[in-house]
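Worksheet: one structure, shown below.
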Amino acid sequence: MTEHPSTTPAGKPTSYSRVTLSRIMTAVDVNLYGTVHGGVLMKFVDDVAGAAAARHSGGTAVTAAIDEIVFSEAVRVGDLVHAHAQVNWTGQTSMEVGVRVVAERWDSAEDAPVRVATAYLVFVGVDVGGAPRTVRPVLPETAEDERRYREAEIRRAHRLARRRAIQAHRAADV
């Protein structure tokens, strides 16, 4: 019997996709209230998530959706901010990337970093022509990775159900 090569690339463990970006926030990042603008943090989140998605998928990956972003603490000028990302879940061509953002306060560097934001983003692997391409499966390594994988499936189911409900509503309005 002839073996056919698999079209799905070999999976990679969760740890393979982990990426951390760090930067010091400056006066250029500030909003009218004197804290770091949420849009600056959103771009930072998208950058680190994109790096994790590209690393995991072995090529170009583009942002398809920001499923959720929650800001829990303000970031101030001078804070050293770290964004940690990893691929939580993979489908055929898409991936969910989880991001945790923490800040080391400039005026209390000996204190533990403060969690300032969390986010979940969906990326799609694309080929040179911009068409979706198959991405390798993610292989959870720990109980925490398994939990993240299961919760990513719940978020995906909610996204798809919401899309179907909106499409049905629009079809009914026609």
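Lettering and numbering for the structure tokens are positional, with chains as A, B, ... in the shown order, residues counted from 1 in each chain, and ligands counted from 1 in the shown order.
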
Applying 7 Å and only C-alpha atoms, which residues near region 76-82 of chain A remain after dropping the ones on its own chain fewer than 2 positions away? List them as a tab-separated table (two decimals) with all heavy atoms, in the first residue's frame.
```
chain	number	residue	atom	x	y	z
A	20	THR	N	8.31	36.82	24.23
A	20	THR	CA	8.18	37.96	25.14
A	20	THR	C	8.81	39.17	24.48
A	20	THR	O	9.93	39.09	23.98
A	20	THR	CB	8.87	37.69	26.48
A	20	THR	OG1	8.26	36.56	27.11
A	20	THR	CG2	8.77	38.90	27.41
A	21	LEU	N	8.07	40.27	24.45
A	21	LEU	CA	8.60	41.55	24.01
A	21	LEU	C	8.56	42.48	25.21
A	21	LEU	O	7.63	42.43	26.00
A	21	LEU	CB	7.76	42.15	22.87
A	21	LEU	CG	7.73	41.40	21.54
A	21	LEU	CD1	6.87	42.17	20.54
A	21	LEU	CD2	9.12	41.20	20.99
A	22	SER	N	9.56	43.34	25.32
A	22	SER	CA	9.63	44.28	26.43
A	22	SER	C	9.99	45.66	25.91
A	22	SER	O	10.75	45.78	24.95
A	22	SER	CB	10.69	43.84	27.44
A	22	SER	OG	10.41	42.57	27.94
A	23	ARG	N	9.44	46.68	26.56
A	23	ARG	CA	9.82	48.06	26.23
A	23	ARG	C	9.49	48.98	27.39
A	23	ARG	O	8.60	48.70	28.19
A	23	ARG	CB	9.18	48.52	24.94
A	23	ARG	CG	7.68	48.70	24.97
A	23	ARG	CD	7.18	49.28	23.66
A	23	ARG	NE	7.41	50.71	23.65
A	23	ARG	CZ	6.54	51.59	23.18
A	23	ARG	NH1	5.43	51.19	22.64
A	23	ARG	NH2	6.81	52.86	23.21
A	24	ILE	N	10.23	50.07	27.45
A	24	ILE	CA	9.97	51.11	28.44
A	24	ILE	C	9.01	52.11	27.81
A	24	ILE	O	9.21	52.56	26.68
A	24	ILE	CB	11.28	51.82	28.86
A	24	ILE	CG1	12.19	50.81	29.56
A	24	ILE	CG2	10.98	53.01	29.77
A	24	ILE	CD1	13.57	51.36	29.89
A	25	MET	N	7.95	52.44	28.53
A	25	MET	CA	6.97	53.40	28.03
A	25	MET	C	7.50	54.81	28.23
A	25	MET	O	8.05	55.13	29.29
A	25	MET	CB	5.63	53.21	28.74
A	25	MET	CG	4.98	51.87	28.45
A	25	MET	SD	4.58	51.71	26.69
A	25	MET	CE	4.60	49.94	26.51
A	26	THR	N	7.32	55.64	27.22
A	26	THR	CA	7.85	57.01	27.25
A	26	THR	C	6.73	58.03	27.09
A	26	THR	O	5.56	57.67	26.87
A	26	THR	CB	8.89	57.22	26.13
A	26	THR	OG1	8.21	57.16	24.86
A	26	THR	CG2	9.98	56.16	26.18
A	27	ALA	N	7.10	59.29	27.12
A	27	ALA	CA	6.13	60.38	27.01
A	27	ALA	C	5.39	60.36	25.67
A	27	ALA	O	4.26	60.84	25.58
A	27	ALA	CB	6.84	61.72	27.19
A	35	THR	N	-1.47	58.72	31.34
A	35	THR	CA	-1.09	57.31	31.37
A	35	THR	C	-0.89	56.83	29.94
A	35	THR	O	-1.23	57.53	28.98
A	35	THR	CB	-2.18	56.45	32.07
A	35	THR	OG1	-3.42	56.65	31.40
A	35	THR	CG2	-2.31	56.83	33.54
A	36	VAL	N	-0.35	55.64	29.78
A	36	VAL	CA	-0.09	55.12	28.44
A	36	VAL	C	-1.41	54.85	27.72
A	36	VAL	O	-2.33	54.25	28.29
A	36	VAL	CB	0.80	53.86	28.51
A	36	VAL	CG1	0.92	53.19	27.15
A	36	VAL	CG2	2.18	54.23	29.06
A	74	ALA	N	-3.58	50.76	34.91
A	74	ALA	CA	-2.96	51.77	34.05
A	74	ALA	C	-1.46	51.55	33.97
A	74	ALA	O	-0.83	51.09	34.92
A	74	ALA	CB	-3.26	53.17	34.59
A	84	HIS	N	3.82	38.83	27.09
A	84	HIS	CA	4.12	37.41	26.93
A	84	HIS	C	3.01	36.78	26.08
A	84	HIS	O	1.82	36.95	26.40
A	84	HIS	CB	4.15	36.70	28.29
A	84	HIS	CG	5.07	37.35	29.28
A	84	HIS	ND1	6.43	37.16	29.27
A	84	HIS	CD2	4.82	38.21	30.31
A	84	HIS	CE1	6.98	37.85	30.25
A	84	HIS	NE2	6.02	38.50	30.90
A	101	VAL	N	0.10	40.91	29.64
A	101	VAL	CA	0.97	42.08	29.70
A	101	VAL	C	1.17	42.46	31.16
A	101	VAL	O	0.20	42.61	31.90
A	101	VAL	CB	0.37	43.27	28.93
A	101	VAL	CG1	1.33	44.45	28.92
A	101	VAL	CG2	0.00	42.87	27.49
A	102	VAL	N	2.43	42.61	31.57
A	102	VAL	CA	2.76	43.01	32.93
A	102	VAL	C	3.68	44.22	32.88
A	102	VAL	O	4.38	44.44	31.90
A	102	VAL	CB	3.43	41.86	33.73
A	102	VAL	CG1	2.49	40.67	33.87
A	102	VAL	CG2	4.74	41.45	33.11
A	103	ALA	N	3.64	45.00	33.97
A	103	ALA	CA	4.48	46.19	34.05
A	103	ALA	C	5.32	46.16	35.32
A	103	ALA	O	4.81	45.81	36.39
A	103	ALA	CB	3.62	47.45	34.04
A	104	GLU	N	6.58	46.50	35.16
A	104	GLU	CA	7.45	46.74	36.31
A	104	GLU	C	7.42	48.25	36.51
A	104	GLU	O	7.81	49.01	35.63
A	104	GLU	CB	8.88	46.28	36.02
A	104	GLU	CG	9.02	44.79	35.90
A	104	GLU	CD	10.46	44.38	35.63
A	104	GLU	OE1	11.38	44.95	36.25
A	104	GLU	OE2	10.65	43.50	34.78
A	105	ARG	N	6.93	48.67	37.65
A	105	ARG	CA	6.81	50.10	37.94
A	105	ARG	C	8.19	50.72	38.10
A	105	ARG	O	9.03	50.20	38.82
A	105	ARG	CB	5.97	50.33	39.20
A	105	ARG	CG	4.57	49.73	39.13
A	105	ARG	CD	3.77	50.32	38.00
A	105	ARG	NE	2.37	49.92	38.13
A	105	ARG	CZ	1.47	50.15	37.22
A	105	ARG	NH1	1.79	50.79	36.10
A	105	ARG	NH2	0.22	49.78	37.40
A	106	TRP	N	8.39	51.84	37.44
A	106	TRP	CA	9.70	52.50	37.47
A	106	TRP	C	10.08	52.97	38.87
A	106	TRP	O	11.26	53.02	39.21
A	106	TRP	CB	9.74	53.67	36.49
A	106	TRP	CG	8.84	54.82	36.90
A	106	TRP	CD1	7.53	54.99	36.57
A	106	TRP	CD2	9.19	55.91	37.74
A	106	TRP	NE1	7.04	56.13	37.15
A	106	TRP	CE2	8.04	56.73	37.87
A	106	TRP	CE3	10.35	56.31	38.39
A	106	TRP	CZ2	8.02	57.89	38.63
A	106	TRP	CZ3	10.33	57.48	39.14
A	106	TRP	CH2	9.17	58.26	39.26
```

Based on the backbone DSSP call, show me all residues of region 3-173 of chain A assigned strand (DSSP E or B), as a short mmCIF file (atom, residue, chain, number, x, y, z; two decimals) with N, CA and C atoms, in the first residue's frame.
```cif
data_model
loop_
_atom_site.label_atom_id
_atom_site.label_comp_id
_atom_site.auth_asym_id
_atom_site.auth_seq_id
_atom_site.Cartn_x
_atom_site.Cartn_y
_atom_site.Cartn_z
N LYS A 12 3.81 21.25 16.92
CA LYS A 12 4.87 21.83 17.75
C LYS A 12 4.30 22.02 19.16
N PRO A 13 5.14 21.83 20.19
CA PRO A 13 4.67 22.04 21.55
C PRO A 13 4.36 23.51 21.81
N VAL A 19 6.73 33.84 23.14
CA VAL A 19 7.52 35.02 22.81
C VAL A 19 7.27 36.07 23.89
N THR A 20 8.31 36.82 24.23
CA THR A 20 8.18 37.96 25.14
C THR A 20 8.81 39.17 24.48
N LEU A 21 8.07 40.27 24.45
CA LEU A 21 8.60 41.55 24.01
C LEU A 21 8.56 42.48 25.21
N SER A 22 9.56 43.34 25.32
CA SER A 22 9.63 44.28 26.43
C SER A 22 9.99 45.66 25.91
N ARG A 23 9.44 46.68 26.56
CA ARG A 23 9.82 48.06 26.23
C ARG A 23 9.49 48.98 27.39
N ILE A 24 10.23 50.07 27.45
CA ILE A 24 9.97 51.11 28.44
C ILE A 24 9.01 52.11 27.81
N VAL A 30 1.82 58.54 25.83
CA VAL A 30 0.85 59.00 26.81
C VAL A 30 -0.44 59.53 26.17
N VAL A 36 -0.35 55.64 29.78
CA VAL A 36 -0.09 55.12 28.44
C VAL A 36 -1.41 54.85 27.72
N ALA A 61 1.72 35.15 9.31
CA ALA A 61 0.41 35.00 9.95
C ALA A 61 -0.15 36.40 10.13
N VAL A 62 -1.42 36.58 9.83
CA VAL A 62 -2.04 37.90 9.93
C VAL A 62 -3.15 37.89 10.97
N THR A 63 -3.37 39.05 11.58
CA THR A 63 -4.42 39.19 12.58
C THR A 63 -5.77 39.09 11.90
N ALA A 64 -6.61 38.18 12.36
CA ALA A 64 -7.97 38.04 11.82
C ALA A 64 -8.98 38.66 12.77
N ALA A 65 -8.71 38.59 14.07
CA ALA A 65 -9.65 39.13 15.06
C ALA A 65 -8.94 39.32 16.39
N ILE A 66 -9.40 40.32 17.11
CA ILE A 66 -9.02 40.45 18.51
C ILE A 66 -10.27 40.02 19.27
N ASP A 67 -10.18 38.85 19.85
CA ASP A 67 -11.35 38.27 20.50
C ASP A 67 -11.69 39.02 21.77
N GLU A 68 -10.66 39.43 22.50
CA GLU A 68 -10.89 40.11 23.77
C GLU A 68 -9.60 40.78 24.19
N ILE A 69 -9.74 41.97 24.75
CA ILE A 69 -8.60 42.61 25.42
C ILE A 69 -9.16 43.29 26.65
N VAL A 70 -8.53 43.03 27.78
CA VAL A 70 -8.98 43.58 29.05
C VAL A 70 -7.81 44.33 29.67
N PHE A 71 -8.04 45.62 29.95
CA PHE A 71 -7.04 46.44 30.63
C PHE A 71 -7.40 46.44 32.12
N LEU A 80 8.50 49.55 32.76
CA LEU A 80 9.04 48.55 31.86
C LEU A 80 7.94 47.52 31.65
N VAL A 81 7.45 47.42 30.43
CA VAL A 81 6.29 46.58 30.14
C VAL A 81 6.75 45.35 29.36
N HIS A 82 6.25 44.19 29.79
CA HIS A 82 6.57 42.92 29.14
C HIS A 82 5.26 42.31 28.62
N ALA A 83 5.25 41.92 27.37
CA ALA A 83 4.10 41.22 26.79
C ALA A 83 4.53 39.79 26.49
N HIS A 84 3.82 38.83 27.09
CA HIS A 84 4.12 37.41 26.93
C HIS A 84 3.01 36.78 26.08
N ALA A 85 3.38 36.05 25.04
CA ALA A 85 2.38 35.46 24.16
C ALA A 85 2.70 33.99 23.89
N GLN A 86 1.63 33.22 23.63
CA GLN A 86 1.80 31.84 23.19
C GLN A 86 0.57 31.43 22.39
N VAL A 87 0.75 30.48 21.49
CA VAL A 87 -0.37 29.92 20.76
C VAL A 87 -1.09 28.96 21.70
N ASN A 88 -2.40 29.21 21.88
CA ASN A 88 -3.21 28.38 22.77
C ASN A 88 -3.91 27.25 22.04
N TRP A 89 -4.27 27.50 20.77
CA TRP A 89 -5.13 26.57 20.02
C TRP A 89 -4.84 26.75 18.54
N THR A 90 -4.98 25.68 17.78
CA THR A 90 -4.87 25.78 16.33
C THR A 90 -6.02 25.04 15.66
N SER A 94 -6.15 28.64 11.22
CA SER A 94 -6.16 29.72 12.22
C SER A 94 -5.56 29.26 13.54
N MET A 95 -5.21 30.26 14.35
CA MET A 95 -4.60 30.02 15.66
C MET A 95 -5.14 31.05 16.63
N GLU A 96 -5.35 30.65 17.87
CA GLU A 96 -5.62 31.63 18.92
C GLU A 96 -4.32 31.84 19.69
N VAL A 97 -3.99 33.12 19.88
CA VAL A 97 -2.81 33.49 20.66
C VAL A 97 -3.27 34.21 21.91
N GLY A 98 -2.79 33.77 23.06
CA GLY A 98 -3.08 34.43 24.33
C GLY A 98 -1.92 35.35 24.68
N VAL A 99 -2.24 36.53 25.22
CA VAL A 99 -1.21 37.50 25.59
C VAL A 99 -1.47 37.98 27.01
N ARG A 100 -0.41 38.04 27.80
CA ARG A 100 -0.46 38.60 29.15
C ARG A 100 0.55 39.73 29.19
N VAL A 101 0.10 40.91 29.64
CA VAL A 101 0.97 42.08 29.70
C VAL A 101 1.17 42.46 31.16
N VAL A 102 2.43 42.61 31.57
CA VAL A 102 2.76 43.01 32.93
C VAL A 102 3.68 44.22 32.88
N ALA A 103 3.64 45.00 33.97
CA ALA A 103 4.48 46.19 34.05
C ALA A 103 5.32 46.16 35.32
N GLU A 104 6.58 46.50 35.16
CA GLU A 104 7.45 46.74 36.31
C GLU A 104 7.42 48.25 36.51
N VAL A 114 3.12 44.02 37.81
CA VAL A 114 1.67 44.14 37.91
C VAL A 114 1.05 43.72 36.59
N ARG A 115 0.04 42.86 36.65
CA ARG A 115 -0.66 42.49 35.41
C ARG A 115 -1.48 43.69 34.97
N VAL A 116 -1.28 44.13 33.73
CA VAL A 116 -1.98 45.32 33.25
C VAL A 116 -2.97 45.01 32.13
N ALA A 117 -2.82 43.88 31.45
CA ALA A 117 -3.76 43.54 30.38
C ALA A 117 -3.65 42.07 30.02
N THR A 118 -4.75 41.54 29.50
CA THR A 118 -4.76 40.21 28.90
C THR A 118 -5.54 40.31 27.60
N ALA A 119 -5.21 39.44 26.65
CA ALA A 119 -5.89 39.50 25.35
C ALA A 119 -5.85 38.14 24.68
N TYR A 120 -6.83 37.95 23.81
CA TYR A 120 -6.89 36.75 22.96
C TYR A 120 -7.09 37.24 21.53
N LEU A 121 -6.20 36.80 20.64
CA LEU A 121 -6.25 37.21 19.25
C LEU A 121 -6.31 35.98 18.36
N VAL A 122 -6.93 36.13 17.20
CA VAL A 122 -6.99 35.05 16.22
C VAL A 122 -6.13 35.45 15.03
N PHE A 123 -5.24 34.56 14.64
CA PHE A 123 -4.37 34.77 13.49
C PHE A 123 -4.64 33.69 12.46
N VAL A 124 -4.40 34.02 11.20
CA VAL A 124 -4.52 33.07 10.11
C VAL A 124 -3.17 33.00 9.41
N GLY A 125 -2.69 31.79 9.20
CA GLY A 125 -1.47 31.61 8.42
C GLY A 125 -1.79 31.88 6.96
N VAL A 126 -0.94 32.65 6.28
CA VAL A 126 -1.16 32.96 4.87
C VAL A 126 0.09 32.65 4.06
N PRO A 132 -5.13 31.77 2.77
CA PRO A 132 -4.93 30.97 3.98
C PRO A 132 -4.14 29.69 3.67
N VAL A 138 -0.91 22.71 17.48
CA VAL A 138 -0.21 23.02 18.73
C VAL A 138 -0.39 21.82 19.65
N LEU A 139 0.66 21.45 20.36
CA LEU A 139 0.63 20.31 21.25
C LEU A 139 0.80 20.79 22.69
#
```

Notebook entry, point to check: If you run DSSP on the backbone, which residues of region 19-134 of chain A are helix (DSSP H, G or I), as number ranges by chain?
Noted result: A: 27-29, 38-57
